[in-house]
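For reference, the structure is listed below as structure tokens.
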Amino acid sequence: MSEYHTPVLLDESVTALLAGNFSGKYIDATFGGGGHTSEILSRLSPEGRVIAFDRDSDALANRLDDARLRLVRADFRYVRNFIMLDARENGEDPASAGVDGILADLGVSSHQFDTAERGFSFRFDAPLDMRMNTEAELTAADVVNTYSQEDLERILRIYGEVDNAGKLARLITSARAASAISTTGELDKCIAPAVPEFQSHKVLAKIYQALRIEVNHEMRSLEKFLQGAAESLKPGGRLVVITYHSLEDRMVKNFIKSGDTGGKVTKDFYGNVMAPLEAVNRKPVLPGEPEIATNTRARSAKMRVAVKKEPTQKKEARP
């Protein structure tokens with residue numbers, strides 16, 4: 001499993017997830033190499049269960065031989081649907097089905113970055129793919145070659161947070177007019193005039209991040225996942241999310257605080273904020289220097305932990 005992906009904040013995330021309950025039902029929403037799932041199972045009693053999700057077929061090869069595990073190939077945005085399905089199959093009421101904790105590590109796996117033909121990394125000259133679900137239709141090549149200049153600029157500016165999104169979009173549309181951009185090498189070449197050599201790695205990482213987010217609809221999936229997770233947790237259940245860039249972290253932080261990924265606060269008749277979760281820690285948990293030294297991909301990780309609130313008790317109206 002370590003060759004596929006080294007899990008980040010492993011002990012911290014699993015400890016926060018279980019919170020001393022070793023016989024509950026838990027979700028690993030991003031199975032990957034199975035590192036977090038394996039650690040959860042190692043701490044659970046025989047009565048405990050884990051349902052793990054991953055949309056990448058490559059991850060299924062890391063299946064663990066444990067009767068307490070159910071591995072589902074699906075986007076984690078459908079977490080609520082599968083929890084209800086699992087309850088129905090076990091003779092439980094789907095409408096009231098709940099779990100004791102949900103964990104999501106939003107990072108791209110080392111396997112995806114290091115497999116050249118997946119097209120996630122500018123370190124290789126490979127097809128522009130970037131699909132986490134290899135059966136999905138949209139690829140990075142489709143985005144680069146068919147999106148309008150305005151849409152490319154929007155994606156690069158919002159998802160990549162690059163300063164020169166307009167120039168990059170113009171370079172891409174100009175290059176594709178002469179010939180389709182099919183590989184990472186071709187993309188790197190056409191945008192080279194807008195990528196300063198002294199910080200090329202940082203800028204290219206942002207550009208590739210923007211394309212990957214668009215190809216995999218990551219922000220929409222995250223929004224749906226957070227909503228489904230909040231609905232699926234039992235009161236007192238834990239949500240643990242590890243993010244790797246500011247867009248993800250902002251959405252998670254906003255959702256925990258307000259119940260809305262955009263941060264919109266809604267209050268009920270009695271003035272209570274209608275947020276189903278409550279933050280356990282005011283600030284995110286960060287990897288320590290020893291972990292970063294052994295796994296540089298942990299350097300941008302932030303972990304947020306929240307607990308599902310008890311149902312709000314309505315105040316009795318005065319006579």
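By order in the structure tokens, chains are A, B, ...; within a chain, residues start at 1; ligands start at 1, following the order shown.
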**Request:** Check the DSSP output for the backbone and give back, as a PyMOL selection string, the residues of segment 145-200 of chain A in helix (DSSP H, G or I).
**Result:** chain A and resi 145-146+149-158+165-178+184-194+197-200
**Request:** Please provide the set of residues having any atom within 6 Å of segment 13-28 of chain A, restricted to only C-alpha atoms, with same-chain residues fewer than 4 positions apart removed, written as number ranges by chain.
**Result:** A: 9, 44-45, 47-52, 99-103, 238
**Message:** Just the number, please: distance in Å from atom CA of Val273 of chain A to atom CA of Gly259 of chain A, one decimal.
**Reply:** 8.6 Å
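One distance worth recording is that between atom CA of Ser221 of chain A and atom CA of Thr261 of chain A, which is 11.7 Å.
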**Asked** So which residues of segment 37-281 of chain A fall under strand (DSSP E) by DSSP, listed as number ranges by chain?
**Response** A: 49-53, 69-72, 99-105, 233-243, 277-279
Filtering to N, CA, C and O atoms, could you give me those residues as a compact mmCIF listing (two decimals), in the first residue's frame?
# COMPACT_ATOMS: atom_id res chain seq x y z
N ARG A 49 -17.40 -1.80 11.58
CA ARG A 49 -17.51 -1.95 10.13
C ARG A 49 -16.97 -0.71 9.44
O ARG A 49 -17.02 0.40 9.99
N VAL A 50 -16.48 -0.90 8.21
CA VAL A 50 -16.03 0.22 7.38
C VAL A 50 -16.61 0.07 5.98
O VAL A 50 -16.57 -1.03 5.40
N ILE A 51 -17.17 1.14 5.45
CA ILE A 51 -17.55 1.21 4.05
C ILE A 51 -16.59 2.20 3.40
O ILE A 51 -16.48 3.35 3.86
N ALA A 52 -15.86 1.77 2.39
CA ALA A 52 -14.86 2.61 1.74
C ALA A 52 -15.26 2.89 0.30
O ALA A 52 -15.83 2.03 -0.38
N PHE A 53 -14.94 4.10 -0.17
CA PHE A 53 -15.31 4.54 -1.51
C PHE A 53 -14.07 4.95 -2.30
O PHE A 53 -13.13 5.53 -1.74
N LEU A 69 -15.10 -5.00 6.02
CA LEU A 69 -14.95 -3.94 5.02
C LEU A 69 -15.85 -4.16 3.82
O LEU A 69 -15.93 -5.27 3.29
N ARG A 70 -16.51 -3.10 3.39
CA ARG A 70 -17.23 -3.09 2.12
C ARG A 70 -16.60 -2.00 1.26
O ARG A 70 -16.58 -0.83 1.64
N LEU A 71 -16.06 -2.38 0.10
CA LEU A 71 -15.40 -1.43 -0.80
C LEU A 71 -16.29 -1.15 -1.99
O LEU A 71 -16.72 -2.07 -2.68
N VAL A 72 -16.58 0.13 -2.22
CA VAL A 72 -17.52 0.54 -3.26
C VAL A 72 -16.79 1.41 -4.27
O VAL A 72 -16.10 2.37 -3.90
N VAL A 99 -24.03 6.74 10.49
CA VAL A 99 -22.72 6.16 10.78
C VAL A 99 -22.05 6.96 11.89
O VAL A 99 -22.44 8.09 12.20
N ASP A 100 -21.03 6.37 12.48
CA ASP A 100 -20.36 6.99 13.63
C ASP A 100 -19.23 7.92 13.24
O ASP A 100 -18.77 8.72 14.07
N GLY A 101 -18.76 7.82 12.01
CA GLY A 101 -17.69 8.71 11.58
C GLY A 101 -17.41 8.59 10.10
O GLY A 101 -17.62 7.53 9.50
N ILE A 102 -16.96 9.69 9.50
CA ILE A 102 -16.65 9.73 8.07
C ILE A 102 -15.31 10.45 7.89
O ILE A 102 -15.10 11.54 8.42
N LEU A 103 -14.42 9.82 7.15
CA LEU A 103 -13.09 10.36 6.88
C LEU A 103 -12.90 10.55 5.38
O LEU A 103 -13.26 9.68 4.58
N ALA A 104 -12.35 11.70 4.99
CA ALA A 104 -12.04 11.95 3.58
C ALA A 104 -10.67 12.61 3.48
O ALA A 104 -10.43 13.66 4.09
N ASP A 105 -9.77 11.98 2.74
CA ASP A 105 -8.45 12.54 2.42
C ASP A 105 -8.53 12.99 0.97
O ASP A 105 -8.55 12.16 0.05
N LEU A 233 -24.26 11.26 9.35
CA LEU A 233 -23.65 11.06 10.66
C LEU A 233 -24.72 10.98 11.75
O LEU A 233 -25.71 11.71 11.74
N LYS A 234 -24.49 10.09 12.70
CA LYS A 234 -25.32 10.05 13.89
C LYS A 234 -24.97 11.26 14.77
O LYS A 234 -23.84 11.79 14.68
N PRO A 235 -25.87 11.73 15.62
CA PRO A 235 -25.50 12.78 16.57
C PRO A 235 -24.28 12.35 17.37
O PRO A 235 -24.21 11.23 17.89
N GLY A 236 -23.28 13.21 17.43
CA GLY A 236 -22.04 12.88 18.11
C GLY A 236 -21.01 12.23 17.19
O GLY A 236 -19.85 12.04 17.59
N GLY A 237 -21.42 11.88 15.96
CA GLY A 237 -20.50 11.30 14.99
C GLY A 237 -19.48 12.31 14.49
O GLY A 237 -19.75 13.52 14.50
N ARG A 238 -18.34 11.83 14.03
CA ARG A 238 -17.23 12.70 13.63
C ARG A 238 -17.05 12.76 12.11
O ARG A 238 -17.14 11.75 11.42
N LEU A 239 -16.77 13.97 11.62
CA LEU A 239 -16.34 14.17 10.23
C LEU A 239 -14.90 14.66 10.25
O LEU A 239 -14.58 15.65 10.92
N VAL A 240 -14.03 13.95 9.55
CA VAL A 240 -12.61 14.31 9.46
C VAL A 240 -12.26 14.49 7.99
O VAL A 240 -12.44 13.57 7.19
N VAL A 241 -11.78 15.68 7.62
CA VAL A 241 -11.45 15.96 6.22
C VAL A 241 -10.04 16.53 6.15
O VAL A 241 -9.70 17.50 6.84
N ILE A 242 -9.22 15.93 5.27
CA ILE A 242 -7.86 16.41 5.03
C ILE A 242 -7.83 17.07 3.66
O ILE A 242 -8.16 16.44 2.65
N THR A 243 -7.48 18.35 3.62
CA THR A 243 -7.44 19.11 2.37
C THR A 243 -6.00 19.46 2.00
O THR A 243 -5.09 19.39 2.84
N LEU A 277 -23.10 20.71 11.93
CA LEU A 277 -21.83 20.29 12.53
C LEU A 277 -21.26 21.37 13.43
O LEU A 277 -21.61 22.55 13.32
N GLU A 278 -20.33 20.95 14.27
CA GLU A 278 -19.62 21.88 15.14
C GLU A 278 -18.14 21.52 15.13
O GLU A 278 -17.78 20.35 15.25
N ALA A 279 -17.29 22.51 14.95
CA ALA A 279 -15.85 22.25 14.88
C ALA A 279 -15.33 21.73 16.20
O ALA A 279 -15.70 22.21 17.26
**Request:** Write out as a PyMOL selection string which residues come within 12 Å of segment 115-123 of chain A when counting only C-alpha atoms, dropping same-chain ones fewer than 2 positions away.
**Result:** chain A and resi 3-5+56+58+108-113+125-134+139-141+182-189+200-213+215-216
**Request:** With a distance cut-off of 10 Å and only C-alpha atoms, select the neighbouring residues of Leu106 of chain A, excluding the residue or stretch itself and same-chain residues fewer than 4 positions from it, and output the selection as number ranges by chain.
**Result:** A: 29-30, 218, 222, 241-245, 248-249, 301
Please, could you write that set of residues out with C-alpha atoms as a short mmCIF file (atom, residue, chain, number, x, y, z; two decimals), in the first residue's frame?
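Output (out_38.cif):
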data_model
loop_
_atom_site.label_atom_id
_atom_site.label_comp_id
_atom_site.auth_asym_id
_atom_site.auth_seq_id
_atom_site.Cartn_x
_atom_site.Cartn_y
_atom_site.Cartn_z
CA ALA A 29 -14.67 8.19 1.55
CA THR A 30 -11.33 8.15 -0.30
CA GLU A 218 -14.02 18.11 -7.69
CA LEU A 222 -16.94 17.95 -2.42
CA VAL A 241 -11.45 15.96 6.22
CA ILE A 242 -7.86 16.41 5.03
CA THR A 243 -7.44 19.11 2.37
CA TYR A 244 -4.47 20.17 0.24
CA HIS A 245 -5.31 23.56 -1.24
CA GLU A 248 -11.01 22.78 -0.57
CA ASP A 249 -10.11 24.01 2.89
CA ALA A 301 -2.21 19.22 4.22
#
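Compared by their closest atoms to Val8 of chain A, and using only C-alpha atoms, the residues A:Gly107, A:Gly98, A:Pro196, A:Gly228 rank with A:Gly107 nearest.
Close contacts of Gly166 of chain A, defined as residues with an atom at most 12 Å away when counting only C-alpha atoms, with chain neighbours fewer than 2 positions off set aside, comprise A:Ser148, A:Gln149, A:Glu150, A:Asp151, A:Leu152, A:Glu153, A:Arg154, A:Ile155, A:Leu156, A:Arg157, A:Ile158, A:Glu161, A:Val162, A:Asp163, A:Asn164, A:Leu168, A:Ala169, A:Arg170, A:Leu171, A:Ile172, A:Thr173, A:Ile191, A:Ala194.
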With N, CA and C atoms retained, export the selected residues as a PDB file, in the first residue's frame.
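Produced file selection_15.pdb, reproduced below:
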ATOM      1  N   SER A 148     -13.981  27.395 -24.353  1.00  0.00           N
ATOM      2  CA  SER A 148     -13.740  28.742 -24.865  1.00  0.00           C
ATOM      3  C   SER A 148     -12.599  29.390 -24.098  1.00  0.00           C
ATOM      4  N   GLN A 149     -12.036  30.425 -24.683  1.00  0.00           N
ATOM      5  CA  GLN A 149     -10.955  31.136 -24.012  1.00  0.00           C
ATOM      6  C   GLN A 149     -11.437  31.709 -22.679  1.00  0.00           C
ATOM      7  N   GLU A 150     -12.662  32.196 -22.659  1.00  0.00           N
ATOM      8  CA  GLU A 150     -13.221  32.761 -21.431  1.00  0.00           C
ATOM      9  C   GLU A 150     -13.359  31.698 -20.345  1.00  0.00           C
ATOM     10  N   ASP A 151     -13.810  30.502 -20.727  1.00  0.00           N
ATOM     11  CA  ASP A 151     -13.964  29.432 -19.735  1.00  0.00           C
ATOM     12  C   ASP A 151     -12.615  28.937 -19.236  1.00  0.00           C
ATOM     13  N   LEU A 152     -11.646  28.853 -20.137  1.00  0.00           N
ATOM     14  CA  LEU A 152     -10.305  28.447 -19.710  1.00  0.00           C
ATOM     15  C   LEU A 152      -9.730  29.454 -18.712  1.00  0.00           C
ATOM     16  N   GLU A 153      -9.924  30.729 -19.008  1.00  0.00           N
ATOM     17  CA  GLU A 153      -9.437  31.765 -18.099  1.00  0.00           C
ATOM     18  C   GLU A 153     -10.117  31.637 -16.730  1.00  0.00           C
ATOM     19  N   ARG A 154     -11.419  31.393 -16.739  1.00  0.00           N
ATOM     20  CA  ARG A 154     -12.162  31.258 -15.481  1.00  0.00           C
ATOM     21  C   ARG A 154     -11.638  30.078 -14.653  1.00  0.00           C
ATOM     22  N   ILE A 155     -11.432  28.938 -15.312  1.00  0.00           N
ATOM     23  CA  ILE A 155     -10.959  27.739 -14.618  1.00  0.00           C
ATOM     24  C   ILE A 155      -9.571  27.971 -14.019  1.00  0.00           C
ATOM     25  N   LEU A 156      -8.689  28.554 -14.810  1.00  0.00           N
ATOM     26  CA  LEU A 156      -7.325  28.790 -14.348  1.00  0.00           C
ATOM     27  C   LEU A 156      -7.284  29.814 -13.214  1.00  0.00           C
ATOM     28  N   ARG A 157      -8.148  30.821 -13.307  1.00  0.00           N
ATOM     29  CA  ARG A 157      -8.163  31.865 -12.276  1.00  0.00           C
ATOM     30  C   ARG A 157      -8.772  31.352 -10.974  1.00  0.00           C
ATOM     31  N   ILE A 158      -9.900  30.643 -11.067  1.00  0.00           N
ATOM     32  CA  ILE A 158     -10.611  30.207  -9.858  1.00  0.00           C
ATOM     33  C   ILE A 158      -9.997  28.947  -9.271  1.00  0.00           C
ATOM     34  N   GLU A 161      -5.906  29.586  -9.221  1.00  0.00           N
ATOM     35  CA  GLU A 161      -5.516  30.806  -8.526  1.00  0.00           C
ATOM     36  C   GLU A 161      -4.208  31.383  -9.079  1.00  0.00           C
ATOM     37  N   VAL A 162      -4.095  31.359 -10.425  1.00  0.00           N
ATOM     38  CA  VAL A 162      -2.916  31.923 -11.078  1.00  0.00           C
ATOM     39  C   VAL A 162      -3.188  33.385 -11.427  1.00  0.00           C
ATOM     40  N   ASP A 163      -2.145  34.201 -11.393  1.00  0.00           N
ATOM     41  CA  ASP A 163      -2.302  35.639 -11.622  1.00  0.00           C
ATOM     42  C   ASP A 163      -2.502  35.982 -13.099  1.00  0.00           C
ATOM     43  N   ASN A 164      -1.937  35.190 -13.997  1.00  0.00           N
ATOM     44  CA  ASN A 164      -1.977  35.511 -15.426  1.00  0.00           C
ATOM     45  C   ASN A 164      -2.877  34.551 -16.194  1.00  0.00           C
ATOM     46  N   LEU A 168      -2.502  32.918 -20.134  1.00  0.00           N
ATOM     47  CA  LEU A 168      -2.408  31.472 -20.310  1.00  0.00           C
ATOM     48  C   LEU A 168      -3.512  30.960 -21.226  1.00  0.00           C
ATOM     49  N   ALA A 169      -4.730  31.444 -21.022  1.00  0.00           N
ATOM     50  CA  ALA A 169      -5.859  31.022 -21.851  1.00  0.00           C
ATOM     51  C   ALA A 169      -5.646  31.422 -23.304  1.00  0.00           C
ATOM     52  N   ARG A 170      -5.104  32.618 -23.526  1.00  0.00           N
ATOM     53  CA  ARG A 170      -4.835  33.066 -24.905  1.00  0.00           C
ATOM     54  C   ARG A 170      -3.767  32.199 -25.570  1.00  0.00           C
ATOM     55  N   LEU A 171      -2.729  31.853 -24.839  1.00  0.00           N
ATOM     56  CA  LEU A 171      -1.670  31.005 -25.398  1.00  0.00           C
ATOM     57  C   LEU A 171      -2.216  29.628 -25.783  1.00  0.00           C
ATOM     58  N   ILE A 172      -3.093  29.076 -24.951  1.00  0.00           N
ATOM     59  CA  ILE A 172      -3.669  27.753 -25.225  1.00  0.00           C
ATOM     60  C   ILE A 172      -4.553  27.799 -26.466  1.00  0.00           C
ATOM     61  N   THR A 173      -5.428  28.799 -26.543  1.00  0.00           N
ATOM     62  CA  THR A 173      -6.339  28.876 -27.689  1.00  0.00           C
ATOM     63  C   THR A 173      -5.582  29.176 -28.983  1.00  0.00           C
ATOM     64  N   ILE A 191       2.380  27.016 -23.168  1.00  0.00           N
ATOM     65  CA  ILE A 191       2.201  28.017 -22.113  1.00  0.00           C
ATOM     66  C   ILE A 191       3.523  28.510 -21.533  1.00  0.00           C
ATOM     67  N   ALA A 194       4.374  32.127 -20.555  1.00  0.00           N
ATOM     68  CA  ALA A 194       3.690  32.733 -19.406  1.00  0.00           C
ATOM     69  C   ALA A 194       4.081  32.067 -18.090  1.00  0.00           C
TER      70      ALA A 194
END
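Distance-wise, atom CA of Val143 of chain A and atom CA of Gly32 of chain A end up 25.3 Å apart.
Distance check against Arg55 of chain A using only C-alpha atoms: of A:Lys264, A:Asp142, A:Glu137, A:Arg77, the minimum falls on A:Arg77.
With only C-alpha atoms taken into account, the protein and nucleic acid residues at most 12 Å from Thr266 of chain A (excluding it and anything under 6 positions from it in its own chain) are Phe255, Lys257, Ser258, Gly259, Asp260, Asn272, Val273, Met274, Ala275 and Pro276 of chain A.
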Could the residues in this selection be saved with N, CA, C and O atoms as a JSON list (two decimals), in the first residue's frame?
[["chain", "number", "residue", "atom", "x", "y", "z"],
["A", 255, "PHE", "N", -18.45, 25.05, 5.53],
["A", 255, "PHE", "CA", -19.54, 24.11, 5.77],
["A", 255, "PHE", "C", -19.66, 23.76, 7.25],
["A", 255, "PHE", "O", -20.76, 23.68, 7.80],
["A", 257, "LYS", "N", -18.80, 25.62, 9.71],
["A", 257, "LYS", "CA", -19.24, 26.81, 10.44],
["A", 257, "LYS", "C", -20.70, 27.15, 10.20],
["A", 257, "LYS", "O", -21.42, 27.53, 11.13],
["A", 258, "SER", "N", -21.15, 27.01, 8.94],
["A", 258, "SER", "CA", -22.47, 27.52, 8.59],
["A", 258, "SER", "C", -23.42, 26.51, 7.97],
["A", 258, "SER", "O", -24.61, 26.80, 7.81],
["A", 259, "GLY", "N", -22.90, 25.33, 7.57],
["A", 259, "GLY", "CA", -23.74, 24.37, 6.86],
["A", 259, "GLY", "C", -23.86, 24.68, 5.39],
["A", 259, "GLY", "O", -24.65, 24.06, 4.68],
["A", 260, "ASP", "N", -23.03, 25.61, 4.90],
["A", 260, "ASP", "CA", -23.04, 26.02, 3.49],
["A", 260, "ASP", "C", -21.59, 26.20, 3.04],
["A", 260, "ASP", "O", -20.81, 26.88, 3.72],
["A", 272, "ASN", "N", -31.03, 30.29, 16.01],
["A", 272, "ASN", "CA", -29.96, 29.30, 16.00],
["A", 272, "ASN", "C", -29.39, 29.16, 14.59],
["A", 272, "ASN", "O", -30.15, 29.07, 13.62],
["A", 273, "VAL", "N", -28.07, 29.14, 14.46],
["A", 273, "VAL", "CA", -27.44, 28.91, 13.16],
["A", 273, "VAL", "C", -27.76, 27.49, 12.71],
["A", 273, "VAL", "O", -27.55, 26.53, 13.46],
["A", 274, "MET", "N", -28.28, 27.36, 11.50],
["A", 274, "MET", "CA", -28.70, 26.04, 11.01],
["A", 274, "MET", "C", -27.52, 25.30, 10.38],
["A", 274, "MET", "O", -27.49, 25.04, 9.18],
["A", 275, "ALA", "N", -26.54, 25.01, 11.20],
["A", 275, "ALA", "CA", -25.37, 24.24, 10.78],
["A", 275, "ALA", "C", -25.40, 22.91, 11.51],
["A", 275, "ALA", "O", -25.45, 22.90, 12.75],
["A", 276, "PRO", "N", -25.36, 21.80, 10.80],
["A", 276, "PRO", "CA", -25.48, 20.49, 11.46],
["A", 276, "PRO", "C", -24.23, 20.06, 12.20],
["A", 276, "PRO", "O", -24.28, 19.13, 13.01]]
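Distances to Met84 of chain A were evaluated for A:Asp268, A:Glu310, A:Glu231, A:Glu289 using only C-alpha atoms, and the minimum falls at A:Glu231.
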**Residue nearest Ile181 of chain A - candidates A:Arg43, A:Phe198, A:Arg88, A:Val144, atoms counted: only C-alpha atoms** = A:Val144
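Among the candidates A:Arg297, A:Arg304, A:Ala61, A:His217, the one nearest to Val285 of chain A when counting only C-alpha atoms is A:Arg304.
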**Residue with smallest distance to Arg63 of chain A - pool A:Thr296, A:Thr37, A:Ser96, A:Asn81, counting only C-alpha atoms** = A:Thr37
